[in-house]
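Structure file input31.cif (mmCIF, C-alpha atoms) follows.
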```cif
data_upload
#
loop_
_atom_site.label_atom_id
_atom_site.label_comp_id
_atom_site.auth_asym_id
_atom_site.auth_seq_id
_atom_site.Cartn_x
_atom_site.Cartn_y
_atom_site.Cartn_z
CA MET J 1 129.10 95.99 96.10
CA THR J 2 130.41 95.50 99.62
CA LEU J 3 127.90 93.55 101.73
CA GLN J 4 128.36 92.87 105.42
CA PRO J 5 125.95 91.30 107.92
CA ALA J 6 124.54 93.93 110.24
CA ASN J 7 124.22 93.71 113.98
CA THR J 8 120.57 92.71 114.38
CA ALA J 9 120.10 95.40 116.97
CA ILE J 10 121.01 98.06 114.43
CA GLY J 11 117.99 99.32 112.52
CA THR J 12 115.48 97.46 114.71
CA MET J 13 116.07 98.98 118.11
CA GLY J 14 113.74 101.95 118.46
CA GLU J 15 112.17 101.13 115.10
CA HIS J 16 108.46 101.92 114.93
CA SER J 17 106.14 99.03 114.23
CA LEU J 18 105.20 100.64 110.90
CA HIS J 19 108.75 100.51 109.53
CA ALA J 20 109.25 96.92 110.64
CA ALA J 21 105.85 95.82 109.26
CA ILE J 22 106.47 97.44 105.86
CA LYS J 23 109.88 95.81 105.66
CA GLN J 24 108.29 92.43 106.40
CA TRP J 25 105.44 93.07 103.90
CA TYR J 26 107.83 94.23 101.18
CA ALA J 27 110.46 91.52 101.51
CA ARG J 28 110.55 88.56 99.10
CA PRO J 29 112.27 85.18 99.39
CA GLY J 30 115.96 85.60 98.67
CA ASP J 31 116.13 89.23 99.89
CA GLN J 32 118.84 90.21 102.33
CA LEU J 33 117.54 92.32 105.23
CA GLU J 34 119.51 94.89 107.20
CA VAL J 35 122.92 94.57 105.64
CA CYS J 36 125.77 97.06 105.45
CA VAL J 37 126.45 98.30 101.91
CA ASP J 38 129.54 100.48 101.46
CA GLY J 39 129.37 101.39 105.13
CA PHE J 40 125.62 102.15 105.21
CA LEU J 41 122.87 100.03 106.73
CA VAL J 42 120.28 99.20 104.06
CA ASP J 43 116.83 97.77 104.82
CA ILE J 44 116.59 95.33 101.89
CA VAL J 45 119.00 94.23 99.15
CA ARG J 46 117.33 92.47 96.19
CA ASP J 47 119.43 91.33 93.23
CA GLY J 48 121.61 94.42 93.37
CA LEU J 49 118.72 96.81 94.09
CA LEU J 50 118.97 98.67 97.40
CA ILE J 51 115.57 99.25 99.02
CA GLU J 52 115.32 101.85 101.75
CA ILE J 53 112.07 102.27 103.71
CA GLN J 54 111.58 105.76 105.08
CA THR J 55 108.40 106.64 106.95
CA ARG J 56 109.42 110.30 107.33
CA SER J 57 112.25 112.83 106.93
CA PHE J 58 113.87 112.26 103.53
CA GLY J 59 116.31 114.98 104.56
CA ALA J 60 117.86 112.58 107.09
CA LEU J 61 118.76 110.29 104.17
CA LYS J 62 120.26 112.93 101.89
CA SER J 63 123.94 112.11 102.45
CA LYS J 64 123.32 108.37 102.54
CA LEU J 65 121.33 108.38 99.29
CA ALA J 66 123.85 110.60 97.50
CA ALA J 67 126.68 108.24 98.47
CA LEU J 68 124.83 105.03 97.57
CA LEU J 69 123.62 106.41 94.24
CA GLU J 70 127.21 106.84 93.07
CA ASN J 71 127.47 103.07 92.58
CA HIS J 72 124.02 101.56 93.12
CA THR J 73 120.38 101.62 92.11
CA VAL J 74 118.16 102.64 95.02
CA ARG J 75 114.42 102.43 95.60
CA LEU J 76 113.02 104.70 98.32
CA VAL J 77 109.76 103.34 99.77
CA HIS J 78 107.52 105.81 101.58
CA PRO J 79 104.11 105.13 103.20
CA ILE J 80 101.27 107.66 103.14
CA ALA J 81 98.20 106.97 105.29
CA ILE J 82 95.04 107.36 103.21
CA GLU J 83 93.08 106.14 106.25
CA LYS J 84 94.10 106.38 109.87
CA TRP J 85 92.68 105.17 113.17
CA ILE J 86 93.67 106.93 116.40
CA VAL J 87 94.25 104.48 119.25
CA GLN J 88 94.50 105.94 122.78
CA MET J 89 96.33 103.76 125.29
CA SER J 90 96.79 103.99 129.05
CA PRO J 91 100.05 105.68 130.21
CA ASP J 92 101.69 102.27 130.72
CA GLY J 93 100.64 101.18 127.22
CA LEU J 94 98.85 98.08 128.48
CA GLN J 95 95.19 99.06 128.05
CA GLN J 96 93.35 100.47 125.03
CA LEU J 97 91.13 103.34 126.11
CA ALA J 98 89.59 104.38 122.79
CA ARG J 99 89.83 103.89 119.03
CA ARG J 100 88.39 106.27 116.45
CA LYS J 101 88.81 106.94 112.75
CA SER J 102 90.63 110.14 111.88
CA PRO J 103 88.73 112.52 109.56
CA LYS J 104 91.99 113.25 107.73
CA HIS J 105 92.89 111.38 104.55
CA GLY J 106 96.40 111.29 103.14
CA ASN J 107 97.18 111.97 99.50
CA PRO J 108 100.18 111.15 97.25
CA ILE J 109 100.79 114.92 97.04
CA GLN J 110 102.16 114.69 100.58
CA VAL J 111 105.35 113.10 99.24
CA PHE J 112 106.49 116.62 98.30
CA GLU J 113 106.60 117.53 101.99
CA GLU J 114 109.56 115.16 102.22
CA LEU J 115 110.97 115.76 98.74
CA VAL J 116 111.62 119.45 99.47
CA SER J 117 114.89 118.35 101.09
CA ILE J 118 116.10 116.25 98.13
CA PRO J 119 114.42 117.47 94.90
CA GLU J 120 117.62 117.27 92.87
CA LEU J 121 118.25 113.66 93.96
CA ALA J 122 114.82 112.73 92.60
CA LEU J 123 116.26 113.42 89.13
CA ASN J 124 118.99 110.81 89.55
CA PRO J 125 118.19 107.94 87.12
CA GLY J 126 119.40 105.48 89.75
CA LEU J 127 116.70 106.51 92.24
CA SER J 128 113.04 105.52 92.14
CA ILE J 129 110.41 106.38 94.72
CA GLU J 130 107.58 104.01 95.55
CA LEU J 131 104.62 105.31 97.53
CA LEU J 132 102.61 102.87 99.58
CA LEU J 133 99.11 104.17 100.23
CA ILE J 134 98.26 102.50 103.50
CA ARG J 135 95.76 102.17 106.31
CA GLU J 136 97.36 102.56 109.71
CA GLU J 137 96.81 102.94 113.43
CA GLU J 138 98.43 105.83 115.27
CA VAL J 139 99.02 104.85 118.88
CA ARG J 140 98.89 107.66 121.44
CA ARG J 141 99.56 107.75 125.16
CA LYS J 142 99.27 110.47 127.77
CA ASP J 143 102.57 112.28 127.92
CA GLY J 144 102.00 115.13 130.34
CA LEU J 145 102.47 118.62 128.94
CA ARG J 146 105.07 117.83 126.27
CA HIS J 147 102.39 117.42 123.61
CA TRP J 148 100.15 120.27 124.72
CA ARG J 149 98.50 120.62 121.31
CA ARG J 150 97.00 117.15 121.75
CA LYS J 151 96.18 117.78 125.43
CA GLY J 152 99.13 115.70 126.55
CA TRP J 153 98.61 112.81 124.10
CA GLY J 154 101.88 111.86 122.40
CA VAL J 155 102.31 109.58 119.37
CA PHE J 156 104.23 106.51 120.52
CA ASP J 157 103.84 104.17 117.56
CA ARG J 158 102.36 103.66 114.11
CA ARG J 159 100.98 100.28 113.08
CA LEU J 160 100.34 98.98 109.57
CA ILE J 161 96.81 97.68 108.92
CA ASP J 162 97.17 97.05 105.19
CA VAL J 163 98.53 98.40 101.91
CA ALA J 164 95.77 99.69 99.63
CA LYS J 165 97.83 100.75 96.60
CA ARG J 166 101.36 101.19 95.28
CA MET J 167 102.54 104.10 93.16
CA THR J 168 105.97 104.35 91.51
CA LEU J 169 107.68 107.63 90.63
CA ASP J 170 110.68 106.96 88.38
CA THR J 171 110.96 109.98 86.05
CA PRO J 172 110.05 113.68 85.93
CA SER J 173 107.06 112.69 83.76
CA ASP J 174 105.73 110.57 86.63
CA PHE J 175 105.85 113.63 88.88
CA ALA J 176 104.34 115.81 86.14
CA ALA J 177 101.37 113.43 85.97
CA MET J 178 100.50 114.50 89.53
CA LEU J 179 99.52 117.92 88.18
CA PRO J 180 95.79 118.28 87.45
CA ALA J 181 95.08 117.77 83.74
CA ASP J 182 92.82 120.85 83.71
CA ILE J 183 95.22 123.24 85.48
CA PRO J 184 95.24 126.60 83.65
CA GLN J 185 98.41 127.85 81.96
CA PRO J 186 99.99 129.73 83.58
CA PHE J 187 98.86 128.84 87.11
CA SER J 188 99.49 129.96 90.67
CA THR J 189 99.78 127.86 93.81
CA GLN J 190 96.29 129.08 94.68
CA ASP J 191 95.04 127.59 91.39
CA LEU J 192 96.83 124.37 92.27
CA SER J 193 95.38 124.35 95.77
CA ASP J 194 91.84 124.88 94.45
CA SER J 195 92.19 122.23 91.74
CA LEU J 196 93.65 119.56 94.03
CA ALA J 197 91.61 120.55 97.10
CA ARG J 198 94.80 120.46 99.16
CA PRO J 199 96.24 123.02 101.61
CA ARG J 200 98.25 125.88 100.13
CA ARG J 201 101.38 124.85 102.03
CA GLU J 202 101.33 121.39 100.43
CA VAL J 203 101.03 122.71 96.90
CA GLN J 204 103.74 125.30 97.51
CA GLN J 205 106.07 122.42 98.41
CA MET J 206 104.87 120.59 95.30
CA ALA J 207 105.56 123.61 93.08
CA TYR J 208 109.04 124.06 94.57
CA CYS J 209 109.97 120.42 93.90
CA LEU J 210 108.52 120.35 90.39
CA ARG J 211 110.40 123.54 89.52
CA LYS J 212 113.67 122.03 90.81
CA MET J 213 112.97 118.93 88.69
CA GLY J 214 112.37 121.03 85.58
CA VAL J 215 108.73 119.94 85.31
CA ILE J 216 107.43 123.51 85.69
CA HIS J 217 109.03 126.94 85.40
CA ILE J 218 108.25 130.43 86.67
CA THR J 219 106.51 132.53 84.02
CA GLY J 220 106.04 135.71 86.02
CA LYS J 221 104.38 137.14 89.08
CA GLY J 222 100.80 136.29 89.88
CA HIS J 223 98.04 138.55 91.10
CA GLY J 224 98.54 137.35 94.67
CA ASP J 225 101.68 136.95 96.77
CA GLY J 226 103.55 134.42 94.65
CA PRO J 227 104.79 133.55 91.16
CA CYS J 228 102.91 131.99 88.26
CA TYR J 229 104.10 128.73 86.77
CA GLY J 230 103.89 126.98 83.42
CA SER J 231 104.47 123.34 82.53
CA THR J 232 107.73 122.61 80.77
CA GLY J 233 107.70 120.88 77.38
CA ALA J 234 107.20 117.13 77.33
CA ASN J 235 107.03 117.03 81.13
CA SER J 236 103.63 118.71 81.19
CA ALA J 237 100.67 116.76 82.56
CA GLY J 238 98.80 114.60 80.14
CA THR J 239 101.70 114.15 77.70
#
```
Could the structure of this file be written out as structure tokens, please?
Amino acid sequence: MTLQPANTAIGTMGEHSLHAAIKQWYARPGDQLEVCVDGFLVDIVRDGLLIEIQTRSFGALKSKLAALLENHTVRLVHPIAIEKWIVQMSPDGLQQLARRKSPKHGNPIQVFEELVSIPELALNPGLSIELLLIREEEVRRKDGLRHWRRKGWGVFDRRLIDVAKRMTLDTPSDFAAMLPADIPQPFSTQDLSDSLARPRREVQQMAYCLRKMGVIHITGKGHGDGPCYGSTGANSAGT
């Protein structure tokens, strides 16, 4: 392994508070932080394990992960907000105007929104994914018309409050366990949406990733506008 000290400005400049706070929370004595490994900046190196913290966009890491996995073991750490507070700040960011709890609650299923860009890499035995189910603050400031859907309020930062739970996904069986135990066979994405009480778009991403991983397979066309799926062998939920 080729390790080189990184310029301290690299990886911290422009880094959201959430990324920096998770890196601080996750690090242990003896870890090396922000070092270059084979030409890539890595958040944490621990006894030969490369730990990369990614708060969003797994697709942006695709080339980096593929290259590092040729010679290293990598853990990809991803936070999902199970509780979120919206903090509205003045345009200069100096004064808090309001703070309220969001009615939305995150779910581990949301990891598939990111995995759609790297489902095949998730099968690499050298890669593990650790989900951190967190409570966070989302800091917003007035941003004119650029964020018209939020009436001009743009998201400027995310802050870690605490980590409620950790969840590790190492093998296809770990992903298969995210399927409802009572899902009918075969099943459609509508069945999956109803069983998990999650939006159809989320479960479509889930089905795509699980099919790419070999956890489920297409059994035919459903009654609606999509295919039917069946669990595959020993990867099926509950086994």
> J:Leu76, J:Ile134, J:Ile109, J:Ala66: which is nearest J:Pro180, counting only C-alpha atoms?
Replying inline: J:Ile109
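Near stretch 78-90 of chain J, within a cut-off of 7 Å and counting all atoms listed in the file, sit the residues Ile53, Gln54, Thr55, Gln96, Leu97, Ala98, Arg99, Arg100, Lys101, Ser102, His105, Gly106, Asn107, Pro108, Glu130, Leu131, Leu132, Leu133, Ile134, Arg135, Glu136, Glu137, Glu138, Val139, Arg140 and Arg141 of chain J, with same-chain residues fewer than 6 positions away left out.
Between atom CA of J:Gly226 and atom CA of J:Phe187 the interatomic distance comes to 10.5 Å.
The residue that comes closest to J:Asp162, out of J:Val203, J:Asp43, J:Ile218, J:Trp25 and on the basis of only C-alpha atoms, is J:Trp25.
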>> Under the PyMOL selection byres ((chain J and resi 62) around 12), which residues of this model are included? Write them out as a list of chain:residue names.
In response: J:Gln54, J:Ser57, J:Phe58, J:Gly59, J:Ala60, J:Leu61, J:Ser63, J:Lys64, J:Leu65, J:Ala66, J:Ala67, J:Leu68, J:Leu69, J:Leu76, J:Glu114, J:Leu115, J:Val116, J:Ser117, J:Ile118, J:Pro119, J:Glu120, J:Leu121, J:Ala122
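Neighbouring residues of J:Gly48 at 8 Å or closer, counting only C-alpha atoms and skipping chain neighbours under 2 positions away, are Val45, Arg46, Leu50, His72 and Thr73 of chain J.
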For the residues selected in the previous step, produce a file with C-alpha atoms as a short mmCIF file (atom, residue, chain, number, x, y, z; two decimals), in the coordinates of the input.
```
data_model
loop_
_atom_site.label_atom_id
_atom_site.label_comp_id
_atom_site.auth_asym_id
_atom_site.auth_seq_id
_atom_site.Cartn_x
_atom_site.Cartn_y
_atom_site.Cartn_z
CA VAL J 45 119.00 94.23 99.15
CA ARG J 46 117.33 92.47 96.19
CA LEU J 50 118.97 98.67 97.40
CA HIS J 72 124.02 101.56 93.12
CA THR J 73 120.38 101.62 92.11
#
```
>> Using all atoms listed in the file, list the residues that have an atom at most 10 Å from (110.0, 96.1, 108.5), coordinates as in the file, as a count of residues only.
In response: 20
>> Please compute the atom CA of J:Gly126-atom CA of J:Val74 distance, one decimal, in Å.
In response: 6.1 Å
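Rounded to one decimal, atom CA of J:Ile51 and atom CA of J:Val77 lie 7.1 Å from each other.
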> What does the PyMOL selection byres ((chain J and resi 209) around 7) select in this file, as a list in words?
Replying inline: Phe112, Leu115, Val116, Pro119, Gln205, Met206, Ala207, Tyr208, Leu210, Arg211, Lys212 and Met213 of chain J
Mind completing stretch 38-69 of chain J with N, CA and C atoms? Output as a tab-separated table (two decimals), in the coordinates of the input, please?
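Here's the written file part_7.tsv:
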```
chain	number	residue	atom	x	y	z
J	38	ASP	N	128.59	99.36	101.54
J	38	ASP	CA	129.54	100.48	101.46
J	38	ASP	C	129.50	101.34	102.72
J	39	GLY	N	129.34	100.68	103.86
J	39	GLY	CA	129.37	101.39	105.13
J	39	GLY	C	128.03	101.91	105.61
J	40	PHE	N	126.96	101.68	104.83
J	40	PHE	CA	125.62	102.15	105.21
J	40	PHE	C	124.69	100.97	105.45
J	41	LEU	N	123.86	101.06	106.47
J	41	LEU	CA	122.87	100.03	106.73
J	41	LEU	C	121.70	100.20	105.77
J	42	VAL	N	121.36	99.16	105.05
J	42	VAL	CA	120.28	99.20	104.06
J	42	VAL	C	119.20	98.20	104.49
J	43	ASP	N	117.94	98.61	104.36
J	43	ASP	CA	116.83	97.77	104.82
J	43	ASP	C	116.75	96.45	104.06
J	44	ILE	N	116.75	96.53	102.72
J	44	ILE	CA	116.59	95.33	101.89
J	44	ILE	C	117.54	95.43	100.69
J	45	VAL	N	118.20	94.34	100.38
J	45	VAL	CA	119.00	94.23	99.15
J	45	VAL	C	118.39	93.12	98.31
J	46	ARG	N	118.01	93.44	97.07
J	46	ARG	CA	117.33	92.47	96.19
J	46	ARG	C	118.00	92.48	94.82
J	47	ASP	N	118.79	91.46	94.55
J	47	ASP	CA	119.43	91.33	93.23
J	47	ASP	C	120.14	92.62	92.80
J	48	GLY	N	120.87	93.21	93.69
J	48	GLY	CA	121.61	94.42	93.37
J	48	GLY	C	120.85	95.71	93.59
J	49	LEU	N	119.54	95.63	93.80
J	49	LEU	CA	118.72	96.81	94.09
J	49	LEU	C	118.70	97.06	95.59
J	50	LEU	N	119.02	98.29	95.99
J	50	LEU	CA	118.97	98.67	97.40
J	50	LEU	C	117.61	99.30	97.69
J	51	ILE	N	116.91	98.77	98.67
J	51	ILE	CA	115.57	99.25	99.02
J	51	ILE	C	115.61	99.86	100.41
J	52	GLU	N	115.29	101.13	100.48
J	52	GLU	CA	115.32	101.85	101.75
J	52	GLU	C	113.89	102.29	102.09
J	53	ILE	N	113.41	101.91	103.26
J	53	ILE	CA	112.07	102.27	103.71
J	53	ILE	C	112.20	103.47	104.64
J	54	GLN	N	111.51	104.54	104.28
J	54	GLN	CA	111.58	105.76	105.08
J	54	GLN	C	110.17	106.26	105.36
J	55	THR	N	109.76	106.22	106.60
J	55	THR	CA	108.40	106.64	106.95
J	55	THR	C	108.29	108.15	107.09
J	56	ARG	N	109.42	108.84	107.23
J	56	ARG	CA	109.42	110.30	107.33
J	56	ARG	C	110.84	110.82	107.13
J	57	SER	N	110.96	112.14	106.97
J	57	SER	CA	112.25	112.83	106.93
J	57	SER	C	113.22	112.30	105.88
J	58	PHE	N	112.92	112.59	104.60
J	58	PHE	CA	113.87	112.26	103.53
J	58	PHE	C	115.19	113.01	103.73
J	59	GLY	N	115.11	114.17	104.35
J	59	GLY	CA	116.31	114.98	104.56
J	59	GLY	C	117.37	114.22	105.36
J	60	ALA	N	116.92	113.35	106.28
J	60	ALA	CA	117.86	112.58	107.09
J	60	ALA	C	118.63	111.57	106.25
J	61	LEU	N	118.12	111.27	105.05
J	61	LEU	CA	118.76	110.29	104.17
J	61	LEU	C	119.60	110.93	103.08
J	62	LYS	N	119.66	112.25	103.04
J	62	LYS	CA	120.26	112.93	101.89
J	62	LYS	C	121.69	112.48	101.63
J	63	SER	N	122.54	112.49	102.63
J	63	SER	CA	123.94	112.11	102.45
J	63	SER	C	124.07	110.64	102.11
J	64	LYS	N	123.27	109.82	102.77
J	64	LYS	CA	123.32	108.37	102.54
J	64	LYS	C	122.90	108.04	101.11
J	65	LEU	N	121.80	108.64	100.65
J	65	LEU	CA	121.33	108.38	99.29
J	65	LEU	C	122.34	108.85	98.25
J	66	ALA	N	122.88	110.06	98.46
J	66	ALA	CA	123.85	110.60	97.50
J	66	ALA	C	125.05	109.67	97.37
J	67	ALA	N	125.52	109.13	98.50
J	67	ALA	CA	126.68	108.24	98.47
J	67	ALA	C	126.34	106.91	97.80
J	68	LEU	N	125.21	106.33	98.14
J	68	LEU	CA	124.83	105.03	97.57
J	68	LEU	C	124.54	105.12	96.08
J	69	LEU	N	123.98	106.25	95.65
J	69	LEU	CA	123.62	106.41	94.24
J	69	LEU	C	124.84	106.54	93.33
```
